[in-house]
file final_15.tsv (TSV, C-alpha atoms)
chain	number	residue	atom	x	y	z
A	38	MET	CA	13.60	-18.81	-18.39
A	39	LYS	CA	16.61	-16.66	-17.41
A	40	ILE	CA	16.81	-13.04	-16.32
A	41	THR	CA	18.84	-11.05	-18.85
A	42	ASN	CA	18.33	-7.51	-17.57
A	43	ILE	CA	16.44	-5.47	-14.96
A	44	ARG	CA	15.57	-1.91	-15.93
A	45	THR	CA	14.73	0.74	-13.34
A	46	THR	CA	12.87	3.96	-14.19
A	47	PRO	CA	12.34	6.47	-11.36
A	48	LEU	CA	9.02	8.31	-11.57
A	49	LEU	CA	7.34	11.20	-9.83
A	50	CYS	CA	3.58	10.97	-10.41
A	51	LYS	CA	1.83	14.19	-9.39
A	52	PHE	CA	-1.37	14.20	-7.33
A	53	LYS	CA	-4.53	15.93	-8.53
A	54	GLN	CA	-4.62	17.90	-5.29
A	55	ASP	CA	-2.58	18.28	-2.13
A	56	TYR	CA	-2.71	15.15	0.02
A	57	HIS	CA	-3.38	16.15	3.65
A	58	TRP	CA	-2.57	13.76	6.48
A	59	ALA	CA	-0.96	13.59	9.92
A	60	ASP	CA	2.57	13.78	8.50
A	61	GLY	CA	2.01	16.96	6.51
A	62	ILE	CA	1.14	17.59	2.87
A	63	THR	CA	2.36	15.37	0.03
A	64	LEU	CA	2.15	16.31	-3.64
A	65	CYS	CA	3.15	13.21	-5.60
A	66	SER	CA	3.89	9.48	-5.63
A	67	PRO	CA	7.59	8.63	-6.03
A	68	VAL	CA	8.04	5.10	-7.41
A	69	VAL	CA	10.56	3.07	-9.37
A	70	LEU	CA	9.17	1.18	-12.35
A	71	ILE	CA	10.80	-2.25	-12.60
A	72	GLU	CA	11.08	-4.21	-15.87
A	73	VAL	CA	12.58	-7.71	-15.69
A	74	GLU	CA	13.70	-8.86	-19.15
A	75	THR	CA	14.13	-12.57	-19.91
A	76	ASP	CA	15.84	-14.69	-22.55
A	77	GLU	CA	12.41	-15.69	-23.89
A	78	GLY	CA	11.50	-12.10	-24.72
A	79	ILE	CA	9.00	-11.86	-21.87
A	80	VAL	CA	9.15	-8.75	-19.70
A	81	GLY	CA	7.75	-8.76	-16.17
A	82	ILE	CA	6.66	-5.35	-14.88
A	83	ALA	CA	6.00	-4.05	-11.38
A	84	GLU	CA	7.03	-1.10	-9.21
A	85	SER	CA	8.92	-0.48	-5.99
A	86	GLY	CA	7.30	1.85	-3.50
A	87	VAL	CA	8.76	4.88	-1.80
A	88	GLY	CA	11.21	4.13	0.91
A	89	PRO	CA	11.66	7.00	1.93
A	90	THR	CA	13.08	8.65	-1.24
A	91	ILE	CA	13.94	7.35	-4.67
A	92	GLU	CA	17.71	7.77	-4.67
A	93	PRO	CA	18.53	5.32	-1.83
A	94	MET	CA	16.20	2.77	-3.43
A	95	LEU	CA	17.99	3.10	-6.76
A	96	ALA	CA	21.35	2.62	-5.06
A	97	ILE	CA	20.22	-0.66	-3.48
A	98	LEU	CA	18.48	-1.86	-6.64
A	99	HIS	CA	21.51	-1.19	-8.82
A	100	ASP	CA	23.76	-2.91	-6.30
A	101	ALA	CA	21.45	-5.96	-6.26
A	102	ILE	CA	20.67	-6.33	-9.96
A	103	PRO	CA	23.93	-8.11	-10.93
A	104	SER	CA	22.99	-10.88	-8.50
A	105	PHE	CA	19.92	-11.66	-10.64
A	106	ILE	CA	21.38	-11.60	-14.14
A	107	GLY	CA	21.60	-15.03	-15.73
A	108	LYS	CA	19.51	-16.64	-13.01
A	109	SER	CA	16.12	-18.33	-13.32
A	110	VAL	CA	12.96	-16.26	-12.84
A	111	PHE	CA	11.77	-19.08	-10.58
A	112	ASP	CA	14.60	-18.46	-8.11
A	113	GLY	CA	13.53	-14.90	-7.26
A	114	ASN	CA	12.69	-15.55	-3.62
A	115	LYS	CA	16.06	-17.18	-2.94
A	116	LEU	CA	17.97	-14.53	-4.87
A	117	ILE	CA	16.34	-11.66	-2.97
A	118	TRP	CA	17.08	-13.07	0.47
A	119	ASP	CA	20.57	-14.20	-0.51
A	120	TYR	CA	21.23	-10.58	-1.44
A	121	PHE	CA	19.65	-9.41	1.82
A	122	ARG	CA	22.12	-11.48	3.82
A	123	SER	CA	25.27	-10.77	1.82
A	124	GLY	CA	24.63	-7.38	0.23
A	125	PHE	CA	22.40	-5.58	2.74
A	126	LYS	CA	22.39	-7.08	6.24
A	127	ALA	CA	26.10	-7.90	6.17
A	128	ARG	CA	26.88	-4.23	5.49
A	129	GLY	CA	25.25	-3.06	8.69
A	130	ALA	CA	21.74	-2.25	7.49
A	131	GLY	CA	20.08	-5.42	8.76
A	132	GLY	CA	17.45	-3.70	10.87
A	133	GLN	CA	15.98	-1.78	7.93
A	134	TYR	CA	13.58	-4.53	6.82
A	135	ARG	CA	10.90	-2.13	5.68
A	136	PHE	CA	13.27	-0.13	3.49
A	137	PHE	CA	14.73	-3.31	2.03
A	138	SER	CA	11.30	-4.81	1.43
A	139	ARG	CA	9.84	-1.75	-0.27
A	140	THR	CA	12.92	-1.45	-2.44
A	141	MET	CA	13.16	-5.08	-3.55
A	142	SER	CA	9.42	-5.74	-3.78
A	143	GLY	CA	9.34	-4.48	-7.35
A	144	ILE	CA	11.73	-7.20	-8.48
A	145	GLU	CA	9.83	-9.97	-6.66
A	146	LEU	CA	6.51	-8.82	-8.04
A	147	ALA	CA	7.85	-8.34	-11.59
A	148	LEU	CA	9.14	-11.92	-11.60
A	149	TRP	CA	5.61	-13.19	-10.91
A	150	ASP	CA	4.35	-11.10	-13.82
A	151	ALA	CA	6.94	-12.71	-16.10
A	152	ILE	CA	6.03	-16.20	-14.86
A	153	GLY	CA	2.31	-15.58	-15.42
A	154	LYS	CA	2.92	-14.25	-18.92
A	155	SER	CA	5.14	-17.22	-19.79
A	156	TYR	CA	2.31	-19.66	-18.94
A	157	GLY	CA	-0.45	-17.46	-20.35
A	158	GLN	CA	-2.07	-17.34	-16.91
A	159	PRO	CA	-3.01	-14.59	-14.45
A	160	VAL	CA	-0.71	-14.44	-11.44
A	161	CYS	CA	-3.59	-15.40	-9.14
A	162	ASN	CA	-3.76	-18.78	-10.94
A	163	ILE	CA	-0.01	-19.26	-10.59
A	164	LEU	CA	-0.42	-18.67	-6.85
A	165	GLY	CA	-3.14	-21.31	-6.52
A	166	GLY	CA	-6.23	-19.57	-7.79
A	167	ALA	CA	-8.49	-16.69	-6.80
A	168	LEU	CA	-10.86	-17.27	-3.88
A	169	HIS	CA	-12.82	-14.09	-4.62
A	170	ASP	CA	-14.47	-12.91	-7.84
A	171	LYS	CA	-13.97	-9.28	-6.88
A	172	VAL	CA	-11.97	-7.17	-4.45
A	173	GLY	CA	-13.54	-4.37	-2.37
A	174	TYR	CA	-12.08	-0.90	-1.79
A	175	PHE	CA	-13.03	1.98	0.45
A	176	GLY	CA	-13.69	5.48	-0.81
A	177	PHE	CA	-10.58	7.49	0.07
A	178	VAL	CA	-11.84	10.92	1.17
A	179	GLN	CA	-9.62	13.82	0.06
A	180	GLY	CA	-9.42	17.50	0.92
A	181	ASP	CA	-8.15	19.97	3.49
A	182	THR	CA	-11.07	21.61	5.27
A	183	PRO	CA	-14.03	19.82	6.87
A	184	GLN	CA	-16.27	21.22	4.12
A	185	GLU	CA	-14.02	19.93	1.31
A	186	LEU	CA	-13.78	16.51	2.91
A	187	ALA	CA	-17.54	16.35	3.52
A	188	GLU	CA	-18.28	17.26	-0.10
A	189	HIS	CA	-15.95	14.54	-1.36
A	190	ALA	CA	-17.39	12.02	1.12
A	191	SER	CA	-20.87	12.75	-0.20
A	192	ARG	CA	-19.73	12.15	-3.80
A	193	LEU	CA	-18.04	8.87	-2.88
A	194	ALA	CA	-21.12	7.66	-1.02
A	195	ASN	CA	-23.26	8.52	-4.06
A	196	GLU	CA	-20.83	6.53	-6.23
A	197	GLY	CA	-21.73	3.47	-4.18
A	198	TYR	CA	-18.76	3.05	-1.85
A	199	PRO	CA	-20.09	1.26	1.25
A	200	VAL	CA	-16.98	2.22	3.28
A	201	LEU	CA	-15.24	5.59	3.53
A	202	TYR	CA	-11.75	6.26	4.89
A	203	VAL	CA	-10.65	9.57	6.41
A	204	LYS	CA	-7.25	10.80	7.59
A	205	VAL	CA	-7.10	12.29	11.08
A	206	GLY	CA	-4.23	13.10	13.45
A	207	ARG	CA	-3.82	16.63	12.10
A	208	ASP	CA	-5.23	18.66	15.02
A	209	ASP	CA	-7.63	17.53	17.75
A	210	LYS	CA	-10.29	20.17	17.15
A	211	LEU	CA	-9.96	19.92	13.38
A	212	ASP	CA	-10.16	16.12	13.52
A	213	VAL	CA	-13.47	16.23	15.37
A	214	GLU	CA	-14.85	18.82	12.95
A	215	ILE	CA	-13.75	16.71	9.97
A	216	VAL	CA	-15.28	13.50	11.23
A	217	LYS	CA	-18.48	15.25	12.24
A	218	ALA	CA	-18.81	16.84	8.79
A	219	VAL	CA	-18.05	13.61	6.94
A	220	ARG	CA	-20.50	11.62	9.01
A	221	LYS	CA	-23.22	14.21	8.40
A	222	ALA	CA	-22.52	14.16	4.66
A	223	ALA	CA	-22.50	10.36	4.48
A	224	PRO	CA	-24.72	9.09	7.33
A	225	ASP	CA	-25.19	5.54	6.08
A	226	VAL	CA	-21.66	4.42	5.19
A	227	ARG	CA	-19.21	2.49	7.30
A	228	LEU	CA	-16.57	4.99	8.38
A	229	ARG	CA	-12.90	4.25	9.05
A	230	LEU	CA	-10.25	6.65	10.37
A	231	ASP	CA	-6.47	6.64	10.17
A	232	ALA	CA	-4.32	8.74	12.52
A	233	ASN	CA	-0.98	7.53	11.08
A	234	GLU	CA	0.74	7.15	14.49
A	235	ALA	CA	0.02	10.79	15.40
A	236	TRP	CA	-1.02	10.30	19.04
A	237	ASP	CA	0.56	9.08	22.23
A	238	THR	CA	-1.49	6.69	24.37
A	239	LEU	CA	-3.30	9.30	26.47
A	240	ARG	CA	-4.17	11.46	23.48
A	241	ALA	CA	-5.35	8.43	21.53
A	242	LEU	CA	-7.62	7.36	24.38
A	243	ARG	CA	-9.08	10.85	24.63
A	244	MET	CA	-9.59	11.28	20.89
A	245	MET	CA	-11.08	7.83	20.36
A	246	GLU	CA	-13.59	8.49	23.15
A	247	ARG	CA	-14.59	11.76	21.46
A	248	LEU	CA	-14.86	10.18	18.01
A	249	LYS	CA	-16.93	7.19	19.12
A	250	ALA	CA	-20.04	9.33	18.83
A	251	PHE	CA	-19.71	9.22	15.02
A	252	ASP	CA	-20.06	5.44	14.74
A	253	ILE	CA	-16.50	4.64	13.71
A	254	GLU	CA	-16.03	1.15	12.32
A	255	ILE	CA	-12.29	1.05	12.91
A	256	MET	CA	-9.39	3.28	13.91
A	257	GLU	CA	-6.13	2.59	12.10
A	258	GLN	CA	-2.78	2.89	13.89
A	259	PRO	CA	-3.50	5.82	16.24
A	260	VAL	CA	-0.26	5.35	18.22
A	261	PRO	CA	3.37	4.92	17.07
A	262	GLY	CA	4.03	1.58	15.44
A	263	ILE	CA	7.35	1.22	17.21
A	264	GLY	CA	5.37	0.13	20.25
A	265	GLY	CA	4.08	-2.94	18.43
A	266	SER	CA	1.24	-4.83	20.03
A	267	GLU	CA	1.98	-3.36	23.47
A	268	ALA	CA	1.03	0.16	22.36
A	269	LEU	CA	-2.24	-0.95	20.77
A	270	LEU	CA	-3.22	-3.12	23.74
A	271	ARG	CA	-3.44	0.00	25.91
A	272	LEU	CA	-6.34	1.21	23.76
A	273	ARG	CA	-8.54	-1.85	24.20
A	274	GLY	CA	-10.67	-0.27	26.91
A	275	VAL	CA	-12.11	2.36	24.58
A	276	GLY	CA	-14.37	-0.11	22.84
A	277	MET	CA	-13.45	0.99	19.31
A	278	PRO	CA	-11.98	-1.63	16.92
A	279	VAL	CA	-8.35	-0.98	16.00
A	280	SER	CA	-6.26	-1.80	12.92
A	281	ALA	CA	-2.51	-2.35	13.06
A	282	ASP	CA	-0.57	-0.78	10.20
A	283	GLN	CA	2.88	0.64	10.95
A	284	SER	CA	3.14	-1.91	13.78
A	285	VAL	CA	3.45	-4.75	11.26
A	286	TYR	CA	5.52	-5.30	8.16
A	287	MET	CA	6.94	-8.82	8.58
A	288	PRO	CA	5.15	-12.16	9.03
A	289	GLU	CA	6.70	-12.31	12.51
A	290	ASP	CA	5.03	-9.01	13.42
A	291	VAL	CA	1.70	-10.36	12.22
A	292	TYR	CA	2.16	-13.40	14.44
A	293	GLU	CA	2.82	-11.21	17.49
A	294	MET	CA	-0.20	-9.01	16.73
A	295	CYS	CA	-2.42	-12.06	16.40
A	296	ARG	CA	-0.99	-13.77	19.49
A	297	THR	CA	-1.67	-10.77	21.72
A	298	ARG	CA	-5.05	-9.94	20.11
A	299	ALA	CA	-3.99	-6.29	20.09
A	300	ALA	CA	-5.70	-5.51	16.77
A	301	ASP	CA	-8.98	-6.41	15.11
A	302	THR	CA	-7.62	-6.20	11.59
A	303	ILE	CA	-4.14	-5.98	10.07
A	304	VAL	CA	-3.28	-3.50	7.33
A	305	LEU	CA	-0.39	-4.79	5.24
A	306	GLY	CA	0.78	-4.11	1.69
A	307	LEU	CA	2.80	-6.16	-0.75
A	308	HIS	CA	5.64	-3.63	-0.72
A	309	GLU	CA	6.07	-3.81	3.07
A	310	THR	CA	6.45	-7.59	2.94
A	311	CYS	CA	8.81	-7.61	-0.07
A	312	GLY	CA	6.29	-9.12	-2.43
A	313	ALA	CA	3.60	-11.71	-2.92
A	314	LEU	CA	5.05	-14.73	-1.14
A	315	ARG	CA	5.68	-13.09	2.21
A	316	TRP	CA	2.41	-11.12	2.03
A	317	ARG	CA	0.51	-14.38	1.59
A	318	ARG	CA	2.50	-15.94	4.43
A	319	ALA	CA	1.49	-13.03	6.67
A	320	ALA	CA	-2.14	-13.41	5.56
A	321	ALA	CA	-2.05	-17.12	6.42
A	322	ILE	CA	-0.86	-16.32	9.94
A	323	ALA	CA	-3.72	-13.85	10.36
A	324	GLU	CA	-6.20	-16.33	8.91
A	325	ALA	CA	-5.22	-18.87	11.58
A	326	ALA	CA	-6.13	-16.24	14.18
A	327	ASN	CA	-9.43	-15.39	12.41
A	328	ILE	CA	-8.21	-11.87	11.60
A	329	ARG	CA	-8.69	-10.06	8.31
A	330	ILE	CA	-5.89	-8.61	6.19
A	331	ASN	CA	-6.54	-5.22	4.63
A	332	ILE	CA	-4.43	-4.36	1.56
A	333	HIS	CA	-2.37	-1.31	2.42
A	334	GLY	CA	-1.66	1.40	-0.13
A	335	ILE	CA	1.52	3.44	-0.22
A	336	PHE	CA	2.27	6.28	-2.62
A	337	GLU	CA	1.91	4.18	-5.78
A	338	THR	CA	0.34	3.91	-9.23
A	339	GLY	CA	-2.28	1.67	-10.79
A	340	VAL	CA	0.46	-0.93	-11.31
A	341	THR	CA	0.24	-1.79	-7.61
A	342	THR	CA	-3.56	-1.75	-7.76
A	343	CYS	CA	-3.46	-4.45	-10.46
A	344	ILE	CA	-0.90	-6.50	-8.55
A	345	ALA	CA	-2.70	-6.33	-5.21
A	346	ASN	CA	-6.03	-7.09	-6.88
A	347	GLN	CA	-4.76	-10.48	-8.04
A	348	VAL	CA	-2.58	-11.44	-5.10
A	349	GLY	CA	-5.19	-10.28	-2.57
A	350	ALA	CA	-7.85	-12.42	-4.24
A	351	THR	CA	-5.91	-15.58	-3.36
A	352	VAL	CA	-6.37	-15.32	0.43
A	353	PRO	CA	-9.61	-16.20	2.22
A	354	ASN	CA	-9.34	-13.54	4.95
A	355	LEU	CA	-9.09	-10.53	2.65
A	356	ASP	CA	-10.98	-7.52	3.98
A	357	ASP	CA	-13.91	-6.14	1.97
A	358	ALA	CA	-12.63	-2.53	1.94
A	359	ASN	CA	-8.99	-2.22	0.91
A	360	GLN	CA	-6.86	0.79	0.15
A	361	ILE	CA	-6.53	2.13	-3.39
A	362	MET	CA	-4.30	5.04	-4.40
A	363	TRP	CA	-4.01	5.41	-8.19
A	364	GLN	CA	-7.11	7.63	-8.35
A	365	LEU	CA	-5.23	10.35	-6.46
A	366	LEU	CA	-2.85	10.83	-9.38
A	367	GLU	CA	-3.14	13.59	-11.94
A	368	GLU	CA	-2.24	10.93	-14.52
A	369	ASP	CA	-1.92	7.22	-13.88
A	370	ILE	CA	0.58	5.18	-15.88
A	371	VAL	CA	-1.82	2.23	-16.39
A	372	GLU	CA	-3.72	2.50	-19.66
A	373	SER	CA	-5.89	-0.60	-19.23
A	374	PRO	CA	-7.86	-2.11	-17.63
A	375	ASN	CA	-10.19	0.51	-16.19
A	376	LEU	CA	-9.37	0.56	-12.46
A	377	THR	CA	-12.39	2.58	-11.32
A	378	PRO	CA	-14.31	0.53	-8.71
A	379	VAL	CA	-18.00	-0.05	-9.31
A	380	ASN	CA	-19.91	0.30	-6.03
A	381	GLY	CA	-16.56	-0.09	-4.30
A	382	PHE	CA	-15.46	-3.28	-6.10
A	383	LEU	CA	-13.12	-4.33	-8.91
A	384	THR	CA	-13.45	-7.67	-10.65
A	385	VAL	CA	-10.36	-9.85	-10.21
A	386	MET	CA	-8.22	-9.47	-13.33
A	387	LYS	CA	-7.64	-12.62	-15.35
A	388	LYS	CA	-5.34	-11.67	-18.25
A	389	PRO	CA	-1.81	-13.21	-18.30
A	390	GLY	CA	0.53	-11.84	-15.67
A	391	TYR	CA	-1.07	-8.95	-13.80
A	392	GLY	CA	-3.16	-8.10	-16.85
A	393	PHE	CA	-2.33	-4.41	-17.30
A	394	ASP	CA	-1.01	-2.34	-20.20
A	395	LEU	CA	1.09	0.73	-19.50
A	396	ASN	CA	0.65	4.15	-21.00
A	397	TRP	CA	4.28	4.64	-21.99
A	398	ASP	CA	3.75	8.30	-22.78
A	399	ALA	CA	2.54	8.81	-19.19
A	400	VAL	CA	5.56	6.85	-17.95
A	401	GLY	CA	7.79	9.20	-19.95
A	402	ARG	CA	6.13	12.28	-18.50
A	403	ALA	CA	6.48	10.99	-14.92
A	404	ALA	CA	10.13	10.14	-15.59
A	405	GLU	CA	10.70	13.66	-16.90
A	406	VAL	CA	9.18	15.14	-13.74
A	407	TYR	CA	11.65	13.07	-11.71
A	408	ARG	CA	14.59	14.17	-13.85
A	409	LYS	CA	13.66	17.82	-13.39
A	410	GLN	CA	12.94	17.69	-9.67
A	411	ALA	CA	14.72	14.56	-8.43
A	412	ARG	CA	13.22	14.69	-4.97
A	413	TRP	CA	10.10	13.69	-3.08
A	414	ILE	CA	7.93	16.80	-3.23
A	415	SER	CA	6.59	17.12	0.30
A	416	HIS	CA	6.57	19.74	3.01
A	417	PRO	CA	5.59	19.79	6.69
A	418	ARG	CA	2.40	21.33	7.90

call {"tool": "encode", "arguments": {"input": "final_15.tsv", "output": "structure tokens"}}
result
Amino acid sequence: MKITNIRTTPLLCKFKQDYHWADGITLCSPVVLIEVETDEGIVGIAESGVGPTIEPMLAILHDAIPSFIGKSVFDGNKLIWDYFRSGFKARGAGGQYRFFSRTMSGIELALWDAIGKSYGQPVCNILGGALHDKVGYFGFVQGDTPQELAEHASRLANEGYPVLYVKVGRDDKLDVEIVKAVRKAAPDVRLRLDANEAWDTLRALRMMERLKAFDIEIMEQPVPGIGGSEALLRLRGVGMPVSADQSVYMPEDVYEMCRTRAADTIVLGLHETCGALRWRRAAAIAEAANIRINIHGIFETGVTTCIANQVGATVPNLDDANQIMWQLLEEDIVESPNLTPVNGFLTVMKKPGYGFDLNWDAVGRAAEVYRKQARWISHPR
């Protein structure tokens, strides 16, 4: 089965409400929908995540696409990394692995969709079979003020989510008020926090000590990821479990994090690793160290939810509360299946490929938003 064309459609998918986090306020998900057409009439579909804006991603994708035309869908991994060496690294951008990975991930993932559809099998079967019947997700608490966040936390807890996830790193006093309010509103859930690299070491130590009183299950990436395992190791004395996120995006980074025992879990998405193969390689490294992998969400649509649901189900050390982002959108582009977790879980999808159908009208509307605005709508706090 040969690749005959790769279509790219830039989308801006608006959020229902302002998304508040340590890096400011974000209003939409910018993604590039990828469609890989084949000579057998099968079309593999996925999306590339933001990295950091759509236009540079499109430039790289359009430069790379000719390298894929006429080639076998089964050669995707080789084609991607051949292009990395000759078309990306060789031009002086070799250190930008995360940008490259997020950009090219849509092609890698769409090829798996095409392969699954060609065999009439879900992608998880193509990758060796699902080890889990369902995948767990945390309730992603949204809002600005402590009261808004507490009200949403209460609703999520009543919907059956056993784990809630709250953004901090906005302001020290506000962070404490938020966590206190959320914990009061949802006293029986497991509570996770994410500071998105907002603190230096001293501030992180101080804030983690203050927040321990609210029975925090795990703190995600409180210090800059550029420090790798060394930065996280300095926080070990607090006694609060830590997740590595921005510290890892390559299998080699996962190895270093596991070797040093700097993190208790590793948060890693399929876009950061450039697709399914390298994500599973990273998960295997963590499994050898008896460390869980938590599926990371970026600004994305339900397309990525469907993909990660199947690929994540193939690894034994998948965490039981992964990130999910489509529900933040004013309108998702996935028409079916229903992606609303039940008591925090989604059954592993078993239709051919990734098993989703797109709402093409919604795709058209998101494409029109991009054409009118053509930028990542975001502003600093």

call {"tool": "closest_residue", "arguments": {"input": "final_15.tsv", "among": "A:Ile163, A:Ala235, A:Ala223, A:Leu228", "to": "Asp60 (chain A)", "atoms": "all atoms listed in the file"}}
result
A:Ala235

call {"tool": "closest_residue", "arguments": {"input": "final_15.tsv", "among": "A:Ala151, A:Met362, A:Ile322, A:Met94", "to": "Phe52 (chain A)", "atoms": "all atoms listed in the file"}}
result
A:Met362

call {"tool": "atom_distance", "arguments": {"input": "final_15.tsv", "atom1": "CA of His189 (chain A)", "atom2": "CA of His57 (chain A)"}}
result
13.6 Å

call {"tool": "closest_residue", "arguments": {"input": "final_15.tsv", "among": "A:Asn375, A:Val340, A:Cys161, A:Ile255", "to": "Ile71 (chain A)", "atoms": "all atoms listed in the file"}}
result
A:Val340

call {"tool": "closest_residue", "arguments": {"input": "final_15.tsv", "among": "A:Ile344, A:Val406, A:Cys50, A:Leu242", "to": "Glu145 (chain A)", "atoms": "all atoms listed in the file"}}
result
A:Ile344

call {"tool": "atom_distance", "arguments": {"input": "final_15.tsv", "atom1": "CA of Lys249 (chain A)", "atom2": "CA of Lys204 (chain A)"}}
result
15.5 Å

call {"tool": "residues_near_point", "arguments": {"input": "final_15.tsv", "point": "(9.1, -5.2, -10.7)", "cutoff": "8 Å", "atoms": "only C-alpha atoms", "output": "list in words"}}
result
Leu70, Ile71, Glu72, Val73, Gly81, Ile82, Ala83, Glu84, Ser85, Ser142, Gly143, Ile144, Glu145, Leu146, Ala147 and Leu148 of chain A
